[in-house]
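So this block is upload_27.txt, compact mmCIF, C-alpha atoms:
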# COMPACT_ATOMS: atom_id res chain seq x y z
CA ILE F 2 7.37 21.81 28.52
CA GLY F 3 5.06 23.91 30.69
CA VAL F 4 4.66 22.81 34.30
CA ILE F 5 1.73 24.93 35.45
CA CYS F 6 0.29 25.17 38.96
CA SER F 7 -3.48 25.49 39.17
CA VAL F 8 -3.19 27.14 42.58
CA VAL F 9 -0.54 28.88 44.67
CA CYS F 10 -0.48 25.87 47.02
CA SER F 11 1.08 23.63 44.34
CA SER F 12 3.66 26.16 43.16
CA VAL F 13 6.62 24.65 45.06
CA VAL F 14 5.91 21.19 43.67
CA ALA F 15 5.54 22.58 40.13
CA ARG F 16 8.91 24.34 40.45
CA GLU F 17 10.63 21.17 41.66
CA ILE F 18 9.25 19.14 38.76
CA ALA F 19 10.44 21.72 36.22
CA GLU F 20 13.90 21.91 37.79
CA LYS F 21 14.41 18.18 37.23
CA VAL F 22 13.38 18.07 33.56
CA PRO F 23 15.39 19.50 30.62
CA GLY F 24 13.41 22.13 28.73
CA ALA F 25 10.68 22.40 31.37
CA VAL F 26 9.50 25.81 32.58
CA PRO F 27 7.50 26.41 35.80
CA PHE F 28 4.45 28.70 35.53
CA VAL F 29 3.52 29.60 39.09
CA HIS F 30 1.26 32.30 40.46
CA GLY F 31 -0.52 33.42 43.63
CA ASN F 32 -4.09 32.66 42.54
CA GLY F 33 -6.53 29.76 42.39
CA CYS F 34 -7.52 29.31 46.04
CA ALA F 35 -11.01 30.38 47.21
CA GLN F 36 -11.48 32.72 44.24
CA LEU F 37 -14.95 33.67 43.07
CA GLY F 38 -16.64 35.48 40.19
CA ASP F 39 -14.62 37.38 37.62
CA ASP F 40 -11.29 36.80 39.37
CA PHE F 41 -11.78 33.02 39.35
CA LYS F 42 -12.85 33.09 35.70
CA LEU F 43 -9.77 35.14 34.80
CA THR F 44 -7.41 32.77 36.63
CA LYS F 45 -8.95 29.72 35.00
CA ASN F 46 -8.90 31.23 31.52
CA MET F 47 -5.33 32.48 31.82
CA VAL F 48 -3.98 29.16 33.10
CA ALA F 49 -5.81 27.30 30.33
CA GLY F 50 -4.62 29.81 27.74
CA VAL F 51 -0.96 29.53 28.73
CA ALA F 52 -1.22 25.74 28.70
CA ASP F 53 -2.51 25.99 25.12
CA ASN F 54 0.14 28.51 23.96
CA PRO F 55 1.82 27.19 20.78
CA ASN F 56 5.30 27.84 22.19
CA LEU F 57 4.81 24.89 24.56
CA TYR F 58 5.17 21.34 23.24
CA ALA F 59 3.16 19.96 26.15
CA SER F 60 1.62 21.15 29.43
CA LEU F 61 1.46 19.48 32.83
CA LEU F 62 -1.07 20.93 35.28
CA VAL F 63 -0.22 20.50 38.95
CA GLY F 64 -2.97 21.00 41.53
CA LEU F 65 -3.44 20.51 45.24
CA GLY F 66 -6.92 19.00 45.20
CA CYS F 67 -9.16 21.29 47.26
CA GLU F 68 -8.71 24.54 45.29
CA THR F 69 -11.40 26.47 43.46
CA ASN F 70 -9.40 26.24 40.24
CA GLN F 71 -9.66 22.46 39.87
CA VAL F 72 -7.34 20.64 37.45
CA SER F 73 -10.28 18.58 36.14
CA GLY F 74 -12.08 21.75 35.09
CA LEU F 75 -8.96 23.12 33.40
CA LEU F 76 -8.50 19.90 31.42
CA GLU F 77 -12.03 20.25 30.05
CA THR F 78 -11.26 23.82 28.93
CA ILE F 79 -7.90 23.33 27.17
CA PRO F 80 -8.21 22.43 23.44
CA LYS F 81 -6.83 19.01 22.52
CA THR F 82 -4.03 20.36 20.36
CA LYS F 83 -1.03 19.00 22.30
CA PRO F 84 -0.13 16.56 25.10
CA VAL F 85 -1.79 17.83 28.30
CA LYS F 86 -2.13 16.00 31.62
CA GLY F 87 -3.04 16.92 35.18
CA ILE F 88 -1.94 15.59 38.56
CA GLY F 89 -2.87 16.47 42.15
CA ILE F 90 -0.91 16.42 45.40
CA GLN F 91 -3.79 15.15 47.52
CA GLN F 92 -4.76 12.47 45.00
CA LEU F 93 -1.16 11.19 44.88
CA ALA F 94 -0.83 11.29 48.67
CA GLY F 95 1.87 13.90 49.03
CA GLY F 96 4.36 16.23 47.43
CA GLU F 97 7.15 13.69 46.90
CA ASN F 98 4.87 11.27 45.04
CA THR F 99 3.57 14.14 42.92
CA ILE F 100 7.07 15.31 42.03
CA ASN F 101 8.13 11.80 41.02
CA ARG F 102 5.03 11.31 38.87
CA GLY F 103 5.35 14.76 37.33
CA VAL F 104 9.00 14.22 36.43
CA GLU F 105 8.11 10.88 34.86
CA ILE F 106 5.48 12.49 32.62
CA ALA F 107 7.49 15.59 31.73
CA GLU F 108 10.71 13.69 30.96
CA LEU F 109 8.90 11.63 28.33
CA TRP F 110 7.57 14.81 26.71
CA SER F 111 11.01 16.40 26.87
CA GLN F 112 12.50 13.49 24.91
CA GLU F 113 9.71 13.71 22.33
CA ALA F 114 10.20 17.46 21.93
CA ALA F 115 13.96 17.10 21.54
CA SER F 116 13.48 14.65 18.67
CA GLN F 117 11.37 17.06 16.61
CA GLN F 118 12.82 18.40 13.36
CA ARG F 119 12.84 22.13 12.69
CA VAL F 120 10.86 23.16 9.59
CA ARG F 121 10.37 26.45 7.77
CA LEU F 122 7.04 28.18 8.43
CA PRO F 123 5.50 31.37 7.00
CA ILE F 124 5.02 34.57 9.01
CA SER F 125 1.28 33.97 8.67
CA SER F 126 1.58 31.16 11.24
CA LEU F 127 2.54 33.65 13.98
CA SER F 128 0.67 35.72 16.54
CA VAL F 129 2.71 38.75 17.59
CA GLY F 130 2.07 40.97 20.61
CA ILE F 131 3.04 44.66 20.67
CA LEU F 132 3.40 46.15 24.17
CA PRO F 133 4.25 49.87 24.65
CA VAL F 134 5.84 50.55 28.04
CA ASP F 135 6.54 53.95 29.68
CA LEU F 136 6.96 55.96 26.48
CA ASP F 137 7.28 59.74 26.61
CA GLU F 138 6.51 62.16 23.79
CA GLY F 139 10.07 62.24 22.46
CA SER F 140 10.38 58.46 22.41
CA LEU F 141 7.01 58.07 20.69
CA GLU F 142 7.91 60.54 17.97
CA LYS F 143 10.98 58.43 17.14
CA ALA F 144 9.53 54.95 17.54
CA ALA F 145 5.92 55.30 16.33
CA PRO F 146 6.59 55.47 12.56
CA VAL F 147 8.91 52.44 12.71
CA ILE F 148 6.60 50.27 14.82
CA GLY F 149 3.59 51.30 12.75
CA GLY F 150 5.45 50.16 9.63
CA VAL F 151 6.34 46.85 11.28
CA VAL F 152 2.71 46.26 12.27
CA ASP F 153 1.54 46.93 8.72
CA ARG F 154 4.15 44.55 7.28
CA LEU F 155 3.22 41.74 9.65
CA VAL F 156 -0.50 42.09 8.93
CA GLU F 157 0.12 42.26 5.18
CA GLN F 158 1.99 38.94 5.42
CA GLY F 159 -0.91 37.27 7.23
CA ALA F 160 0.26 37.37 10.86
CA ASN F 161 -2.00 38.05 13.81
CA VAL F 162 -0.96 41.23 15.62
CA LEU F 163 -2.27 41.87 19.15
CA PHE F 164 -1.52 45.46 20.15
CA GLY F 165 -1.77 46.26 23.86
CA LEU F 166 -4.73 48.51 24.66
CA SER F 167 -3.38 50.03 27.84
CA GLN F 168 -4.57 53.03 29.83
CA SER F 169 -2.11 55.19 27.88
CA LEU F 170 -3.72 54.29 24.51
CA GLU F 171 -7.35 54.55 25.59
CA PRO F 172 -7.60 58.36 25.09
CA ALA F 173 -7.15 57.70 21.33
CA GLY F 174 -10.29 55.55 21.30
CA LEU F 175 -12.27 57.88 19.02
CA LEU F 176 -9.38 58.05 16.53
CA LEU F 177 -8.95 54.27 16.54
CA SER F 178 -12.70 53.65 16.24
CA GLN F 179 -12.60 55.07 12.71
CA ARG F 180 -10.40 52.14 11.62
CA SER F 181 -12.90 49.39 12.35
CA ASP F 182 -15.66 48.05 10.10
CA ASP F 183 -17.39 46.47 13.09
CA GLU F 184 -19.92 48.73 14.86
CA GLY F 185 -19.45 46.94 18.18
CA VAL F 186 -15.68 47.41 18.06
CA SER F 187 -16.04 51.07 17.09
CA ASN F 188 -18.48 51.77 19.93
CA ARG F 189 -16.23 50.05 22.44
CA LEU F 190 -13.27 52.19 21.38
CA ILE F 191 -15.36 55.38 21.47
CA ARG F 192 -16.38 54.60 25.07
CA ALA F 193 -12.75 53.95 26.00
CA GLY F 194 -11.76 57.30 24.54
CA GLU F 195 -14.34 59.22 26.57
CA GLY F 196 -12.59 58.61 29.89
CA LEU F 197 -11.08 56.05 32.22
CA GLN F 198 -13.49 53.10 32.30
CA ARG F 199 -11.47 50.56 34.30
CA ARG F 200 -12.66 49.32 37.67
CA ARG F 201 -11.20 51.14 40.63
CA TRP F 202 -12.10 52.50 44.05
CA LYS F 203 -12.10 56.28 43.64
CA ASN F 204 -14.14 59.25 42.51
CA VAL F 205 -17.35 58.13 44.14
CA SER F 206 -20.15 60.59 43.33
CA ASN F 207 -23.70 60.15 44.62
CA GLY F 208 -22.90 56.62 45.70
CA SER F 209 -21.61 55.46 42.30
CA LEU F 210 -18.25 55.29 40.56
CA THR F 211 -17.55 57.97 37.94
CA HIS F 212 -14.94 58.02 35.21
CA ASP F 213 -12.21 60.59 34.72
CA ASN F 214 -11.91 62.64 31.57
CA PHE F 215 -8.50 62.36 29.96
CA SER F 216 -6.21 65.38 30.12
CA GLU F 217 -4.76 67.07 27.04
CA PRO F 218 -1.23 65.64 27.66
CA GLU F 219 -2.74 62.14 27.97
CA GLN F 220 -4.59 62.63 24.70
CA THR F 221 -1.45 63.87 22.95
CA LEU F 222 0.57 60.84 24.04
CA ALA F 223 -2.27 58.53 23.06
CA ARG F 224 -2.46 59.99 19.54
CA LEU F 225 1.27 59.39 19.11
CA GLU F 226 0.96 55.86 20.51
CA ALA F 227 -1.91 55.19 18.10
CA GLN F 228 0.54 55.75 15.21
CA MET F 229 2.31 52.58 16.35
CA THR F 230 -0.77 50.55 15.46
CA GLY F 231 -0.13 51.24 11.78
CA THR F 232 -2.89 51.77 9.23
CA GLN F 233 -4.61 48.40 8.98
CA THR F 234 -8.25 47.73 9.86
CA ILE F 235 -8.79 46.89 13.55
CA LYS F 236 -10.60 43.55 13.58
CA SER F 237 -11.52 43.28 17.27
CA VAL F 238 -10.90 44.39 20.84
CA LEU F 239 -9.93 41.39 22.95
CA GLY F 240 -10.32 40.98 26.69
CA TYR F 241 -8.17 38.87 28.98
CA SER F 242 -7.18 35.48 27.50
CA GLU F 243 -9.32 35.93 24.40
CA ILE F 244 -8.03 34.54 21.09
CA PRO F 245 -8.75 36.31 17.78
CA ASP F 246 -11.39 34.75 15.51
CA GLU F 247 -9.70 35.99 12.34
CA LYS F 248 -6.32 37.10 11.09
CA GLY F 249 -5.29 40.73 11.21
CA LEU F 250 -4.76 43.58 13.68
CA HIS F 251 -6.44 43.33 17.07
CA LEU F 252 -6.31 45.44 20.21
CA ILE F 253 -5.99 43.48 23.46
CA THR F 254 -6.75 44.83 26.92
CA VAL F 255 -3.63 44.82 29.10
CA PRO F 256 -3.01 45.93 32.69
CA SER F 257 -0.31 48.44 33.58
CA ASN F 258 1.86 45.70 35.17
CA ILE F 259 4.33 44.50 32.50
CA VAL F 260 4.47 40.86 33.63
CA GLU F 261 0.69 40.60 33.84
CA ALA F 262 0.35 42.19 30.40
CA LEU F 263 2.84 39.73 28.87
CA SER F 264 1.13 36.81 30.61
CA ASN F 265 -2.19 37.93 29.14
CA MET F 266 -0.67 38.02 25.65
CA ALA F 267 0.74 34.52 26.20
CA SER F 268 -2.67 33.23 27.24
CA SER F 269 -4.17 34.77 24.10
CA GLY F 270 -1.86 32.73 21.88
CA CYS F 271 1.04 35.08 21.11
CA ASN F 272 4.32 33.47 20.04
CA LEU F 273 6.46 36.56 20.59
CA VAL F 274 6.05 40.11 21.94
CA LEU F 275 7.72 43.31 20.78
CA ILE F 276 8.18 45.50 23.87
CA VAL F 277 8.51 49.14 22.81
CA SER F 278 10.06 51.06 25.69
CA ASN F 279 11.68 54.38 26.47
CA ARG F 280 14.83 52.51 27.48
CA GLY F 281 14.40 48.87 28.31
CA VAL F 282 12.64 46.71 30.86
CA LEU F 283 14.05 44.45 33.53
CA THR F 284 11.64 41.57 33.05
CA GLY F 285 10.12 39.46 30.31
CA SER F 286 7.84 36.45 29.98
CA LEU F 287 8.50 32.79 30.71
CA ALA F 288 6.21 31.79 27.83
CA LEU F 289 7.32 34.26 25.15
CA PRO F 290 10.52 35.66 23.67
CA CYS F 291 10.32 39.43 24.27
CA MET F 292 12.14 41.56 21.70
CA THR F 293 12.83 44.97 23.23
CA ILE F 294 12.87 48.06 20.99
CA ALA F 295 13.87 51.51 22.25
CA PRO F 296 14.95 54.87 20.79
CA GLN F 297 18.59 55.85 20.83
CA HIS F 298 19.85 57.63 23.98
CA GLN F 299 23.14 59.27 24.88
CA ASN F 300 23.14 57.27 28.09
CA GLU F 301 23.84 53.68 27.06
CA ALA F 302 23.39 52.13 30.50
CA PHE F 303 20.42 50.02 29.38
CA ASP F 304 21.82 48.81 26.05
CA GLU F 305 22.23 45.25 27.32
CA LEU F 306 18.43 45.04 27.60
CA ILE F 307 17.66 46.28 24.07
CA ASP F 308 17.46 44.12 20.92
CA TYR F 309 16.91 46.94 18.44
CA THR F 310 17.65 50.66 18.80
CA VAL F 311 15.56 53.14 16.80
CA THR F 312 17.84 55.71 15.15
CA SER F 313 17.47 58.63 12.74
CA GLU F 314 17.85 56.39 9.67
CA PRO F 315 15.00 56.31 7.12
CA VAL F 316 11.88 54.62 8.48
CA SER F 317 11.66 52.11 5.63
CA LEU F 318 15.20 50.83 6.32
CA GLN F 319 14.48 50.50 10.04
CA VAL F 320 11.24 48.59 9.39
CA GLU F 321 13.25 46.08 7.35
CA ALA F 322 15.88 45.85 10.10
CA VAL F 323 13.29 45.20 12.81
CA ILE F 324 11.59 42.53 10.68
CA SER F 325 14.96 40.88 10.02
CA GLU F 326 15.81 40.75 13.75
CA PHE F 327 12.28 39.59 14.50
CA LEU F 328 12.66 36.64 12.11
CA GLU F 329 16.01 35.70 13.68
CA ILE F 330 14.34 35.56 17.10
CA CYS F 331 11.41 33.56 15.76
CA SER F 332 13.97 31.13 14.33
CA GLY F 333 15.68 30.53 17.67
CA LYS F 334 17.98 33.47 18.43
CA GLN F 335 17.71 34.45 22.10
CA THR F 336 16.57 37.94 23.01
CA CYS F 337 18.56 40.04 25.48
CA LEU F 338 16.02 39.28 28.22
CA GLU F 339 16.29 35.55 27.52
CA GLN F 340 20.08 35.68 27.65
CA LEU F 341 19.84 37.36 31.06
CA GLU F 342 17.18 34.80 32.12
CA LEU F 343 14.72 37.58 32.98
CA GLY F 344 11.24 36.11 32.71
CA GLU F 345 8.19 35.84 34.95
CA PHE F 346 4.51 34.90 34.96
CA SER F 347 1.67 36.56 36.84
CA ILE F 348 -2.13 36.68 36.72
CA PRO F 349 -3.93 40.01 37.26
CA HIS F 350 -6.96 40.65 39.47
CA VAL F 351 -10.07 42.39 38.17
CA GLY F 352 -11.58 42.93 41.62
CA THR F 353 -10.40 43.61 45.15
CA THR F 354 -8.70 40.73 46.94
CA PHE F 355 -9.83 40.28 50.54

Will you turn the file into structure tokens for me?
Amino acid sequence: IGVICSVVCSSVVAREIAEKVPGAVPFVHGNGCAQLGDDFKLTKNMVAGVADNPNLYASLLVGLGCETNQVSGLLETIPKTKPVKGIGIQQLAGGENTINRGVEIAELWSQEAASQQRVRLPISSLSVGILPVDLDEGSLEKAAPVIGGVVDRLVEQGANVLFGLSQSLEPAGLLLSQRSDDEGVSNRLIRAGEGLQRRRWKNVSNGSLTHDNFSEPEQTLARLEAQMTGTQTIKSVLGYSEIPDEKGLHLITVPSNIVEALSNMASSGCNLVLIVSNRGVLTGSLALPCMTIAPQHQNEAFDELIDYTVTSEPVSLQVEAVISEFLEICSGKQTCLEQLELGEFSIPHVGTTF
């Protein structure tokens, strides 16, 4: 059960509701108050997207009442695919009343969810995120063939794969553009490959922002990272909180912050994310199981964070091993990050916060 605050001001109440209900998870963030323009749109879309994520049986939106990101507007945005309700602290005359009402609603959903029977589903019912994190050249050379094989297998079996288009992958835009049949997608990737296009406050020339050309080392790493996307046709390039229109391989824009990137994948409908890291990461997502994959190291200090270690075994055998572990996690096995209860939620900003 997702208990989701519409604004930072209702985060404490959302947490208290979730703490009192079995199986409830609080999704709190620092946004939603007095936001305008693209930042407000992003907050609204991401909250609505997480509420609609298929991993949640039901979603309870908790607002204050005077925020920009109104609960009523969110309820109009969220598809009617599951139980969704909204409550407000001001409308219910205080935090205690809101907590009591929220617990009443969420407890009923919790009982309904607990009574559901598990059934077997095909891989084609899944949306899988792939998020590369802090990979160096050596790690990429080991991991890229395996992850590329996994991506191809998932797409061949009908799954949606959303591969993170981060700043580190953008220099391979021209290379990736050759794998799309859509002219708009190809052009977008070509532009990304020409230089850093993301909004930022630097390199002002003649009163306007300029973009940086990528260095040769950046291009080398990007070409290796591109191997992890496999060989399938790239169907689309998704922005924040966008959901694919068709099955297949998609690139999805992600920020450099791991939690924000995972939250974006959750709001775009992913059921699970494969984090491919040099060693391991110390955080995951509240909405998604995060399966961590890393190359083998002599220093085993981070082994407790890793679900699968890439070795020197044949690539085909390792692809099968990753898929096998992936299916176990999709069927209920906890990831290392879940066992350690390492999960967060955060919404990025596309402009400057004043």

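Atom CA of F:Ala223 lies 12.6 Å from atom CA of F:Glu195.
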
**Report entry** Protein, DNA and RNA residues within 9 Å of (2.9, 13.3, 37.4), only C-alpha atoms, as an MDAnalysis selection string
**Finding:** chainID F and resid 18 61:63 86:89 93 98:107

Residue selection dump (C-alpha atoms) as a compact mmCIF listing (two decimals), keeping the file's coordinate frame:
# COMPACT_ATOMS: atom_id res chain seq x y z
CA ILE F 18 9.25 19.14 38.76
CA LEU F 61 1.46 19.48 32.83
CA LEU F 62 -1.07 20.93 35.28
CA VAL F 63 -0.22 20.50 38.95
CA LYS F 86 -2.13 16.00 31.62
CA GLY F 87 -3.04 16.92 35.18
CA ILE F 88 -1.94 15.59 38.56
CA GLY F 89 -2.87 16.47 42.15
CA LEU F 93 -1.16 11.19 44.88
CA ASN F 98 4.87 11.27 45.04
CA THR F 99 3.57 14.14 42.92
CA ILE F 100 7.07 15.31 42.03
CA ASN F 101 8.13 11.80 41.02
CA ARG F 102 5.03 11.31 38.87
CA GLY F 103 5.35 14.76 37.33
CA VAL F 104 9.00 14.22 36.43
CA GLU F 105 8.11 10.88 34.86
CA ILE F 106 5.48 12.49 32.62
CA ALA F 107 7.49 15.59 31.73

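You will find atom CA of F:Asp137 at 14.5 Å from atom CA of F:Ser167.
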
Query raised in the report: Hey, can you check how far atom CA of F:Val351 sits from atom CA of F:Glu243?
Result: 15.2 Å

**Report entry** Closest of F:Pro55, F:Gly31, F:Gly24, F:Gly64 to F:Ala114 - atom-to-atom distances counting all atoms listed in the file
**Finding:** F:Gly24

Requested in this report: Would you please work out which residue, of F:Ser216, F:Ser187, F:Ser116, F:Thr254, is nearest to F:Gly165 when using only C-alpha atoms?
Outcome: F:Thr254

Query raised in the report: Which protein, DNA or RNA residues have an atom at most 10 Å from (-5.8, 31.5, 45.4), counting all atoms listed in the file? List them as a VMD selection string.
Result: chain F and resid 7 to 10 30 to 37 40 to 41 44 68 to 70 354

For the interface of stretch 53-89 of chain F with stretch 283-295 of chain F (cut-off 8 Å, counting all atoms listed in the file), please tabulate each contacting residue of stretch 53-89 of chain F alongside its nearest pair of atoms and their separation in Å to one decimal, rows sorted by chain and increasing number, as a Markdown table.
| residue | atom | partner | partner_atom | distance |
| --- | --- | --- | --- | --- |
| F:Asn54 | CA | F:Ala288 | CA | 7.9 |
| F:Asn56 | CA | F:Ala288 | CA | 6.9 |
| F:Leu57 | CA | F:Ala288 | CA | 7.8 |

**Report entry** Nearest-residue call for F:Leu175, choices F:Leu190, F:Leu225, F:Val26, F:Ile235, using all atoms listed in the file
**Finding:** F:Leu190

Fewer than 5 positions away in the same chain doesn't count, so skip those; otherwise give me all residues within 8 Å of F:Gln319, counting all atoms listed in the file, as an mmCIF file with C-alpha atoms, in the frame of the given file.
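Resulting contents of selection.cif:
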data_model
loop_
_atom_site.group_PDB
_atom_site.id
_atom_site.type_symbol
_atom_site.label_atom_id
_atom_site.label_comp_id
_atom_site.auth_asym_id
_atom_site.auth_seq_id
_atom_site.Cartn_x
_atom_site.Cartn_y
_atom_site.Cartn_z
ATOM 1 C CA VAL F 147 8.910 52.440 12.710
ATOM 2 C CA VAL F 311 15.560 53.140 16.800
ATOM 3 C CA GLU F 314 17.850 56.390 9.670
#

Report summary line: In terms of all atoms listed in the file, the residue from F:Pro23, F:Pro133, F:Pro315, F:Pro349 at minimal distance from F:Gln112 is F:Pro23
